[in-house]
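*Asks:* One structure, pasted below without further comment.
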Amino acid sequence: MSRHSGGTGELPLDDEIGREQEYVSVLYQRLDQLREQAASRLTDELRTSGGTLQDRSQRDSSVRMYAEQVEQLSAVENGLCFGRLDGEDDSRRYIGRIGIFDTSGDYDPLLMDWRAPAARPFYLATAANPQGVRRRRHLRTRQRKVTGLNDEVLDINTASPTAHEELTGEASLLAALNAGRSGRMRDIVETIQVEQDKIIRADLPGVLVVQGGPGTGKTAVALHRAAYLLYTHRRELSSRGVLLLGPNATFLRYISHVLPALAETGVLLRTQADLFPGVQARRVEPAETAALKGRAVMVEVLAAAVRDRQRVPDEPMEIEVEREALTLDPETVRVARDRARRTGRAHNLARALFDVEIVHALAEQVAER
């Protein structure tokens, strides 16, 4: 019988798998509870009708939020938990695709999101630099069943001589490399290497370029970085949105399930030909035109075109708000446009200020009445 070293002595491999199965079952029970709660709240919101404009707006926001929660919790079903860290202080942390907490006690983490700072030693710890980790365990699962495990003992003093030959740091990576291919890209969240982790968790100062030859994992790393940034800078990015551009529709279908499997379902996937809603660019440009559009001067051309379309209406406009007609005059629009332009921001970023100015002007009319 194969044996793996443990923190409190040795256990037969089958017993170790059985113990991990018990814990994984608890995680899935909690996942089911969270999904049922989100689905129930979504149903309640969908059944609600009527109310003021503010009530309807809040209901729409709640519907979107609960629908996204249901989608996220369903997307992480496979491979929910894939690792465990045993600390030198006898602490134990399970690593997975999302964070799950025990709401019945002190809100202790049952499962730690792979993007959390405390989970990073799962990818970086080595025997030379254990980062407080005594043992790293990789869990292999199929659907909701634990099928195997591999341990890496980082504290050699605690390793068992009889089990040492069973302990390897490459088994999980080799298993992933040898796994059967399908028509879709796999995520690499269970086997992220040190160099990949540095790219995924790099700061957000501006543009990050990832270079490498074909088949070196550039796309997989980029997708995992997108998931990490959405986790770390969610408030900023969720309000601005995340767009993923691909060279063609076939490529987007190939990678489409990676981000949902990492609990990120709000990313928009598009080709360059489909960037504008309702318009599909399928015409082939002459070589001279294509070359011109690829030059930096096109930025100025596009900026001028956008500015030309920031037009002020010639006549007052009537806007109906809760069955009440309000008047938006050209001068109000011109003032709002000029204030937005003075910010120096690009059109889409300045539009929020323009919207605020228009809403304030209309709100004053309502207040006067």
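Chain identifiers are assigned as A, B, and so on, following the order in which chains appear in the structure tokens; residues are numbered from 1 within each chain, and ligands are numbered from 1 in order of appearance.
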Where in segment 143-327 of chain A does DSSP assign strand (DSSP E or B), given as a list in words?

*Replies:* Lys145, Val146, Thr147, Gly148, Leu149, Asn150, Asp151, Glu152, Val153, Leu243, Leu244, Leu245, Gly246, Leu268, Leu269, Arg270, Thr271, Met317, Glu318, Ile319, Glu320, Val321, Glu324, Ala325, Leu326 and Thr327 of chain A

*Asks:* Given the choices A:Glu322, A:Glu364, A:Asp102, A:Glu71, which gets closest to Glu264 of chain A if the distance is worked out from only C-alpha atoms?

*Replies:*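 Closest residue, counting only C-alpha atoms: A:Glu71.
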
*Asks:* May I have a table of the residues of segment 215-331 of chain A lying at most 9 Å from segment 77-99 of chain A, giving each one's closest pair of atoms and their distance in Å to one decimal, counting only C-alpha atoms, ordered by chain and ascending residue number, as a tab-separated table?

*Replies:*
residue	atom	partner	partner_atom	distance
A:Ala261	CA	A:Arg97	CA	7.7
A:Leu262	CA	A:Arg97	CA	5.8
A:Ala263	CA	A:Ile98	CA	6.7

*Asks:* List every residue of segment 32-82 of chain A that DSSP, applied to the backbone, labels as alpha helix (DSSP H), and write the result as a PyMOL selection string.

*Replies:* chain A and resi 32-47+53-75

*Asks:* Near segment 34-41 of chain A, counting only C-alpha atoms, which residues have an atom at most 12 Å away, once you skip same-chain residues fewer than 3 positions from it, shown as a PyMOL selection string?

*Replies:* chain A and resi 27-31+44-48+59+62-77+99-103

*Asks:* Taking only C-alpha atoms into account, which of A:Leu139, A:Tyr228, A:Arg282, A:Tyr107 comes nearest Arg120 of chain A?

*Replies:*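 Ranked by minimum distance to Arg120 of chain A, first place goes to A:Tyr228.
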
*Asks:* Might you pull out every residue within 12 Å of Gln365 of chain A, with only C-alpha atoms counted and same-chain residues fewer than 6 positions away left off, and present them as a list in words?

*Replies:*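 Listing them by chain and then by number gives Ile319, Val321, Glu324, Ala325, Leu326, Thr327, Leu328, Asp329, Ile358 and Val359 of chain A.
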
*Asks:* I want to know what sits within 10 Å of Arg334 of chain A, based on only C-alpha atoms, with residues of the same chain fewer than 3 positions away left out; could you give that as a list in words?

*Replies:* Gln310, Arg311, Val312, Pro313, Asp329, Pro330, Glu331, Arg337, Asp338, Arg339, Ala340 and Phe354 of chain A

*Asks:* Deliver the residues from the most recent selection as a file, using all heavy atoms, as a tab-separated table (two decimals), in the first residue's frame.

*Replies:*
chain	number	residue	atom	x	y	z
A	310	GLN	N	-20.17	64.85	-31.36
A	310	GLN	CA	-20.67	65.31	-30.06
A	310	GLN	C	-21.52	66.56	-30.30
A	310	GLN	O	-21.15	67.68	-29.95
A	310	GLN	CB	-19.49	65.61	-29.12
A	310	GLN	CG	-18.67	64.38	-28.77
A	310	GLN	CD	-17.39	64.73	-28.04
A	310	GLN	OE1	-16.96	65.89	-28.02
A	310	GLN	NE2	-16.77	63.73	-27.42
A	311	ARG	N	-22.63	66.37	-30.94
A	311	ARG	CA	-23.44	67.48	-31.44
A	311	ARG	C	-24.47	67.96	-30.42
A	311	ARG	O	-24.98	67.19	-29.62
A	311	ARG	CB	-24.15	67.07	-32.73
A	311	ARG	CG	-23.20	66.69	-33.86
A	311	ARG	CD	-23.94	66.13	-35.04
A	311	ARG	NE	-23.02	65.72	-36.11
A	311	ARG	CZ	-23.36	65.05	-37.18
A	311	ARG	NH1	-24.64	64.68	-37.34
A	311	ARG	NH2	-22.48	64.73	-38.10
A	312	VAL	N	-24.79	69.25	-30.52
A	312	VAL	CA	-25.85	69.86	-29.71
A	312	VAL	C	-27.10	69.94	-30.57
A	312	VAL	O	-27.03	70.39	-31.73
A	312	VAL	CB	-25.43	71.27	-29.24
A	312	VAL	CG1	-26.58	71.96	-28.50
A	312	VAL	CG2	-24.20	71.18	-28.35
A	313	PRO	N	-28.25	69.52	-30.07
A	313	PRO	CA	-29.48	69.56	-30.88
A	313	PRO	C	-29.88	71.00	-31.23
A	313	PRO	O	-29.60	71.93	-30.47
A	313	PRO	CB	-30.52	68.88	-29.98
A	313	PRO	CG	-29.98	69.04	-28.60
A	313	PRO	CD	-28.49	68.97	-28.72
A	329	ASP	N	-33.13	71.68	-23.23
A	329	ASP	CA	-32.87	72.70	-24.24
A	329	ASP	C	-31.42	72.60	-24.74
A	329	ASP	O	-30.54	72.06	-24.05
A	329	ASP	CB	-33.13	74.10	-23.65
A	329	ASP	CG	-32.25	74.38	-22.44
A	329	ASP	OD1	-31.10	74.80	-22.63
A	329	ASP	OD2	-32.72	74.12	-21.31
A	330	PRO	N	-31.13	73.11	-25.93
A	330	PRO	CA	-29.80	73.02	-26.52
A	330	PRO	C	-28.70	73.64	-25.65
A	330	PRO	O	-27.58	73.13	-25.61
A	330	PRO	CB	-29.94	73.78	-27.85
A	330	PRO	CG	-31.40	73.65	-28.19
A	330	PRO	CD	-32.12	73.69	-26.87
A	331	GLU	N	-29.00	74.72	-24.95
A	331	GLU	CA	-27.97	75.38	-24.14
A	331	GLU	C	-27.51	74.48	-22.99
A	331	GLU	O	-26.33	74.41	-22.67
A	331	GLU	CB	-28.52	76.69	-23.57
A	331	GLU	CG	-27.53	77.45	-22.69
A	331	GLU	CD	-26.27	77.87	-23.43
A	331	GLU	OE1	-26.27	77.89	-24.68
A	331	GLU	OE2	-25.27	78.18	-22.75
A	337	ARG	N	-21.75	69.39	-22.47
A	337	ARG	CA	-20.72	68.89	-23.39
A	337	ARG	C	-19.39	69.60	-23.15
A	337	ARG	O	-18.32	68.97	-23.10
A	337	ARG	CB	-21.16	69.11	-24.83
A	337	ARG	CG	-20.18	68.56	-25.86
A	337	ARG	CD	-20.48	69.07	-27.25
A	337	ARG	NE	-20.32	70.54	-27.34
A	337	ARG	CZ	-20.48	71.23	-28.46
A	337	ARG	NH1	-20.83	70.60	-29.58
A	337	ARG	NH2	-20.33	72.54	-28.47
A	338	ASP	N	-19.42	70.92	-22.98
A	338	ASP	CA	-18.19	71.68	-22.78
A	338	ASP	C	-17.50	71.30	-21.47
A	338	ASP	O	-16.26	71.21	-21.41
A	338	ASP	CB	-18.48	73.18	-22.80
A	338	ASP	CG	-18.91	73.66	-24.18
A	338	ASP	OD1	-18.71	72.90	-25.15
A	338	ASP	OD2	-19.46	74.78	-24.28
A	339	ARG	N	-18.28	71.06	-20.44
A	339	ARG	CA	-17.69	70.65	-19.16
A	339	ARG	C	-17.04	69.28	-19.28
A	339	ARG	O	-15.96	69.03	-18.73
A	339	ARG	CB	-18.75	70.65	-18.07
A	339	ARG	CG	-19.19	72.04	-17.64
A	339	ARG	CD	-20.23	71.97	-16.52
A	339	ARG	NE	-20.63	73.31	-16.09
A	339	ARG	CZ	-21.57	73.55	-15.18
A	339	ARG	NH1	-22.22	72.51	-14.61
A	339	ARG	NH2	-21.88	74.78	-14.83
A	340	ALA	N	-17.68	68.37	-20.00
A	340	ALA	CA	-17.10	67.05	-20.20
A	340	ALA	C	-15.81	67.13	-21.01
A	340	ALA	O	-14.82	66.45	-20.72
A	340	ALA	CB	-18.11	66.13	-20.89
A	354	PHE	N	-20.90	64.03	-18.43
A	354	PHE	CA	-21.96	64.60	-19.26
A	354	PHE	C	-23.33	64.12	-18.78
A	354	PHE	O	-24.28	64.91	-18.65
A	354	PHE	CB	-21.73	64.21	-20.72
A	354	PHE	CG	-22.83	64.64	-21.65
A	354	PHE	CD1	-22.85	65.92	-22.19
A	354	PHE	CD2	-23.86	63.76	-21.99
A	354	PHE	CE1	-23.87	66.32	-23.04
A	354	PHE	CE2	-24.87	64.15	-22.84
A	354	PHE	CZ	-24.88	65.44	-23.36

*Asks:* Would you please work out which residue, of A:Arg240, A:Arg201, A:Arg134, A:Arg307, is nearest to Ala226 of chain A when using only C-alpha atoms?

*Replies:*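 Closest candidate: A:Arg201.
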
*Asks:* Per residue of segment 200-244 of chain A within 10 Å of segment 268-277 of chain A, what are the shortest atom pair and its distance in Å to one decimal, counting only C-alpha atoms, with rows by chain and residue number, as CSV?

*Replies:*
residue,atom,partner,partner_atom,distance
A:Gly241,CA,A:Leu268,CA,8.0
A:Val242,CA,A:Leu268,CA,6.3
A:Leu243,CA,A:Leu268,CA,4.9
A:Leu244,CA,A:Leu269,CA,4.8

*Asks:* Please provide the set of residues having any atom within 9 Å of Gly148 of chain A, restricted to only C-alpha atoms, with same-chain residues fewer than 5 positions apart removed, written as a list in words.

*Replies:* Leu13, Asp14, Ile17, His138, Leu139, Arg140 and Thr141 of chain A

*Asks:* Mind writing the picked residues with all heavy atoms as a short mmCIF file (atom, residue, chain, number, x, y, z; two decimals), in the first residue's frame?

*Replies:*
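part_17.cif written:
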data_model
loop_
_atom_site.label_atom_id
_atom_site.label_comp_id
_atom_site.auth_asym_id
_atom_site.auth_seq_id
_atom_site.Cartn_x
_atom_site.Cartn_y
_atom_site.Cartn_z
N LEU A 13 -2.69 5.56 1.66
CA LEU A 13 -3.15 6.49 0.64
C LEU A 13 -4.67 6.50 0.52
O LEU A 13 -5.29 7.56 0.41
CB LEU A 13 -2.52 6.12 -0.71
CG LEU A 13 -2.94 6.98 -1.91
CD1 LEU A 13 -2.63 8.44 -1.66
CD2 LEU A 13 -2.25 6.49 -3.17
N ASP A 14 -5.30 5.30 0.56
CA ASP A 14 -6.76 5.25 0.46
C ASP A 14 -7.43 6.00 1.60
O ASP A 14 -8.46 6.65 1.40
CB ASP A 14 -7.23 3.79 0.46
CG ASP A 14 -6.86 3.08 -0.84
OD1 ASP A 14 -6.53 3.78 -1.81
OD2 ASP A 14 -6.89 1.84 -0.86
N ILE A 17 -7.11 9.76 0.86
CA ILE A 17 -8.09 10.16 -0.14
C ILE A 17 -9.49 10.21 0.47
O ILE A 17 -10.27 11.14 0.20
CB ILE A 17 -8.05 9.19 -1.34
CG1 ILE A 17 -6.72 9.35 -2.09
CG2 ILE A 17 -9.22 9.44 -2.28
CD1 ILE A 17 -6.57 8.39 -3.26
N HIS A 138 -1.52 18.42 -3.91
CA HIS A 138 -2.34 18.59 -5.11
C HIS A 138 -3.44 17.53 -5.09
O HIS A 138 -3.14 16.33 -4.97
CB HIS A 138 -1.50 18.43 -6.37
CG HIS A 138 -0.47 19.51 -6.54
ND1 HIS A 138 -0.69 20.66 -7.28
CD2 HIS A 138 0.79 19.62 -6.05
CE1 HIS A 138 0.38 21.41 -7.25
NE2 HIS A 138 1.30 20.80 -6.51
N LEU A 139 -4.68 17.98 -5.20
CA LEU A 139 -5.82 17.06 -5.22
C LEU A 139 -6.32 16.90 -6.64
O LEU A 139 -6.52 17.88 -7.36
CB LEU A 139 -6.95 17.60 -4.34
CG LEU A 139 -6.63 17.82 -2.86
CD1 LEU A 139 -7.81 18.45 -2.16
CD2 LEU A 139 -6.25 16.51 -2.19
N ARG A 140 -6.52 15.68 -7.04
CA ARG A 140 -7.10 15.39 -8.34
C ARG A 140 -8.54 14.93 -8.15
O ARG A 140 -8.82 14.03 -7.33
CB ARG A 140 -6.30 14.31 -9.07
CG ARG A 140 -4.87 14.70 -9.38
CD ARG A 140 -4.23 13.73 -10.38
NE ARG A 140 -4.21 12.37 -9.88
CZ ARG A 140 -3.26 11.87 -9.08
NH1 ARG A 140 -2.28 12.65 -8.66
NH2 ARG A 140 -3.31 10.60 -8.69
N THR A 141 -9.45 15.55 -8.88
CA THR A 141 -10.87 15.24 -8.72
C THR A 141 -11.49 14.99 -10.08
O THR A 141 -11.01 15.47 -11.11
CB THR A 141 -11.62 16.39 -8.02
OG1 THR A 141 -11.49 17.59 -8.81
CG2 THR A 141 -11.07 16.64 -6.63
#

*Asks:* Using only C-alpha atoms, determine which residues lie at most 12 Å from segment 213-223 of chain A, disregarding the query and same-chain residues fewer than 2 positions distant; provide the list as a short mmCIF file (atom, residue, chain, number, x, y, z; two decimals) with N, CA and C atoms, in the first residue's frame.

*Replies:*
data_model
loop_
_atom_site.label_atom_id
_atom_site.label_comp_id
_atom_site.auth_asym_id
_atom_site.auth_seq_id
_atom_site.Cartn_x
_atom_site.Cartn_y
_atom_site.Cartn_z
N LEU A 177 -0.15 17.88 -18.47
CA LEU A 177 0.43 17.87 -19.81
C LEU A 177 0.01 16.63 -20.59
N ARG A 184 -11.42 22.54 -26.59
CA ARG A 184 -11.40 23.79 -25.82
C ARG A 184 -10.12 23.89 -25.01
N MET A 185 -9.71 25.12 -24.78
CA MET A 185 -8.51 25.35 -23.97
C MET A 185 -8.81 25.03 -22.51
N ARG A 186 -7.85 24.41 -21.84
CA ARG A 186 -7.97 24.14 -20.41
C ARG A 186 -7.38 25.28 -19.61
N ASP A 187 -7.92 25.50 -18.42
CA ASP A 187 -7.27 26.46 -17.54
C ASP A 187 -6.06 25.79 -16.89
N ILE A 188 -5.13 26.59 -16.38
CA ILE A 188 -3.90 26.07 -15.78
C ILE A 188 -3.83 26.43 -14.30
N VAL A 189 -4.99 26.72 -13.70
CA VAL A 189 -5.00 27.23 -12.34
C VAL A 189 -4.37 26.25 -11.35
N THR A 191 -1.79 24.27 -11.97
CA THR A 191 -0.37 24.01 -12.24
C THR A 191 0.39 25.25 -12.64
N ILE A 192 -0.03 26.43 -12.21
CA ILE A 192 0.67 27.66 -12.55
C ILE A 192 2.11 27.58 -12.04
N GLN A 193 3.06 27.87 -12.94
CA GLN A 193 4.46 27.85 -12.58
C GLN A 193 4.92 29.23 -12.09
N VAL A 194 6.10 29.26 -11.49
CA VAL A 194 6.58 30.49 -10.84
C VAL A 194 6.65 31.64 -11.84
N GLU A 195 7.22 31.39 -13.02
CA GLU A 195 7.35 32.45 -14.01
C GLU A 195 5.98 32.94 -14.47
N GLN A 196 5.05 32.02 -14.63
CA GLN A 196 3.70 32.40 -15.02
C GLN A 196 3.02 33.21 -13.93
N ASP A 197 3.23 32.81 -12.67
CA ASP A 197 2.62 33.51 -11.55
C ASP A 197 3.08 34.96 -11.49
N LYS A 198 4.35 35.21 -11.79
CA LYS A 198 4.87 36.57 -11.76
C LYS A 198 4.15 37.46 -12.79
N ILE A 199 3.84 36.88 -13.94
CA ILE A 199 3.13 37.65 -14.96
C ILE A 199 1.67 37.85 -14.55
N ILE A 200 1.05 36.81 -14.07
CA ILE A 200 -0.37 36.87 -13.70
C ILE A 200 -0.62 37.90 -12.62
N ARG A 201 0.28 37.96 -11.63
CA ARG A 201 0.08 38.85 -10.48
C ARG A 201 0.88 40.15 -10.58
N ALA A 202 1.37 40.48 -11.74
CA ALA A 202 2.13 41.73 -11.91
C ALA A 202 1.23 42.92 -11.59
N LEU A 208 0.75 45.61 -20.40
CA LEU A 208 1.68 44.51 -20.14
C LEU A 208 1.72 43.63 -21.39
N VAL A 209 2.89 43.45 -21.95
CA VAL A 209 3.07 42.66 -23.16
C VAL A 209 3.70 41.32 -22.77
N VAL A 210 3.05 40.23 -23.15
CA VAL A 210 3.56 38.88 -22.89
C VAL A 210 4.00 38.30 -24.23
N GLN A 211 5.28 37.97 -24.34
CA GLN A 211 5.82 37.48 -25.59
C GLN A 211 6.31 36.04 -25.43
N ARG A 225 -4.42 36.12 -15.96
CA ARG A 225 -4.15 37.47 -15.48
C ARG A 225 -5.43 38.30 -15.46
N ALA A 226 -6.26 38.14 -16.49
CA ALA A 226 -7.53 38.86 -16.51
C ALA A 226 -8.38 38.48 -15.29
N ALA A 227 -8.41 37.18 -14.97
CA ALA A 227 -9.17 36.73 -13.80
C ALA A 227 -8.58 37.30 -12.52
N TYR A 228 -7.26 37.36 -12.44
CA TYR A 228 -6.60 37.91 -11.25
C TYR A 228 -6.90 39.41 -11.10
N LEU A 229 -6.83 40.16 -12.20
CA LEU A 229 -7.09 41.59 -12.13
C LEU A 229 -8.53 41.87 -11.74
N LEU A 230 -9.46 41.07 -12.23
CA LEU A 230 -10.87 41.25 -11.86
C LEU A 230 -11.08 40.96 -10.37
N VAL A 242 -14.52 44.75 -18.99
CA VAL A 242 -13.33 44.08 -19.50
C VAL A 242 -13.67 43.48 -20.85
N LEU A 243 -12.88 43.83 -21.86
CA LEU A 243 -13.08 43.36 -23.23
C LEU A 243 -11.91 42.47 -23.62
N LEU A 244 -12.22 41.29 -24.12
CA LEU A 244 -11.20 40.35 -24.58
C LEU A 244 -11.30 40.24 -26.10
N LEU A 245 -10.24 40.67 -26.79
CA LEU A 245 -10.22 40.65 -28.24
C LEU A 245 -9.50 39.41 -28.74
N GLY A 246 -10.08 38.76 -29.73
CA GLY A 246 -9.46 37.60 -30.35
C GLY A 246 -9.38 37.77 -31.85
N PHE A 251 -11.23 31.07 -32.52
CA PHE A 251 -10.32 31.21 -31.38
C PHE A 251 -11.10 31.56 -30.11
N LEU A 252 -12.07 32.44 -30.21
CA LEU A 252 -12.84 32.84 -29.04
C LEU A 252 -13.65 31.67 -28.49
N TYR A 254 -12.73 28.62 -28.68
CA TYR A 254 -11.73 27.72 -28.10
C TYR A 254 -11.38 28.12 -26.66
N ILE A 255 -11.35 29.42 -26.38
CA ILE A 255 -10.94 29.90 -25.05
C ILE A 255 -12.13 30.34 -24.20
N SER A 256 -13.36 30.25 -24.73
CA SER A 256 -14.51 30.90 -24.10
C SER A 256 -14.82 30.39 -22.71
N HIS A 257 -14.50 29.15 -22.36
CA HIS A 257 -14.90 28.61 -21.07
C HIS A 257 -13.83 28.77 -19.99
N VAL A 258 -12.65 29.32 -20.34
CA VAL A 258 -11.56 29.42 -19.37
C VAL A 258 -11.92 30.40 -18.25
N LEU A 259 -12.32 31.62 -18.60
CA LEU A 259 -12.64 32.60 -17.57
C LEU A 259 -13.85 32.20 -16.72
N PRO A 260 -14.94 31.68 -17.30
CA PRO A 260 -16.02 31.19 -16.45
C PRO A 260 -15.57 30.12 -15.46
N ALA A 261 -14.65 29.24 -15.88
CA ALA A 261 -14.14 28.21 -14.98
C ALA A 261 -13.32 28.81 -13.85
N LEU A 262 -12.86 30.06 -14.04
CA LEU A 262 -12.12 30.78 -13.00
C LEU A 262 -13.03 31.76 -12.27
N ALA A 263 -14.34 31.55 -12.38
CA ALA A 263 -15.36 32.33 -11.66
C ALA A 263 -15.50 33.75 -12.18
N GLU A 264 -15.14 33.99 -13.44
CA GLU A 264 -15.32 35.31 -14.04
C GLU A 264 -16.21 35.17 -15.27
N VAL A 267 -16.89 39.02 -18.59
CA VAL A 267 -15.96 39.51 -19.59
C VAL A 267 -16.58 39.38 -20.98
N LEU A 269 -16.28 38.96 -24.93
CA LEU A 269 -15.38 38.42 -25.94
C LEU A 269 -15.83 38.90 -27.32
#

*Asks:* Would you mind reading off the distance between atom CA of Ala361 of chain A and atom CA of Ser239 of chain A, one decimal, in Å?

*Replies:*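 Answer for the atom CA of Ala361 of chain A to atom CA of Ser239 of chain A separation: 24.1 Å.
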
*Asks:* With only C-alpha atoms as the atoms that count, which of A:Thr126, A:Val306, A:Asp32, A:Trp114 lies nearest to Arg144 of chain A?

*Replies:*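 Of A:Thr126, A:Val306, A:Asp32, A:Trp114, the one nearest Arg144 of chain A, counting only C-alpha atoms, is A:Asp32.
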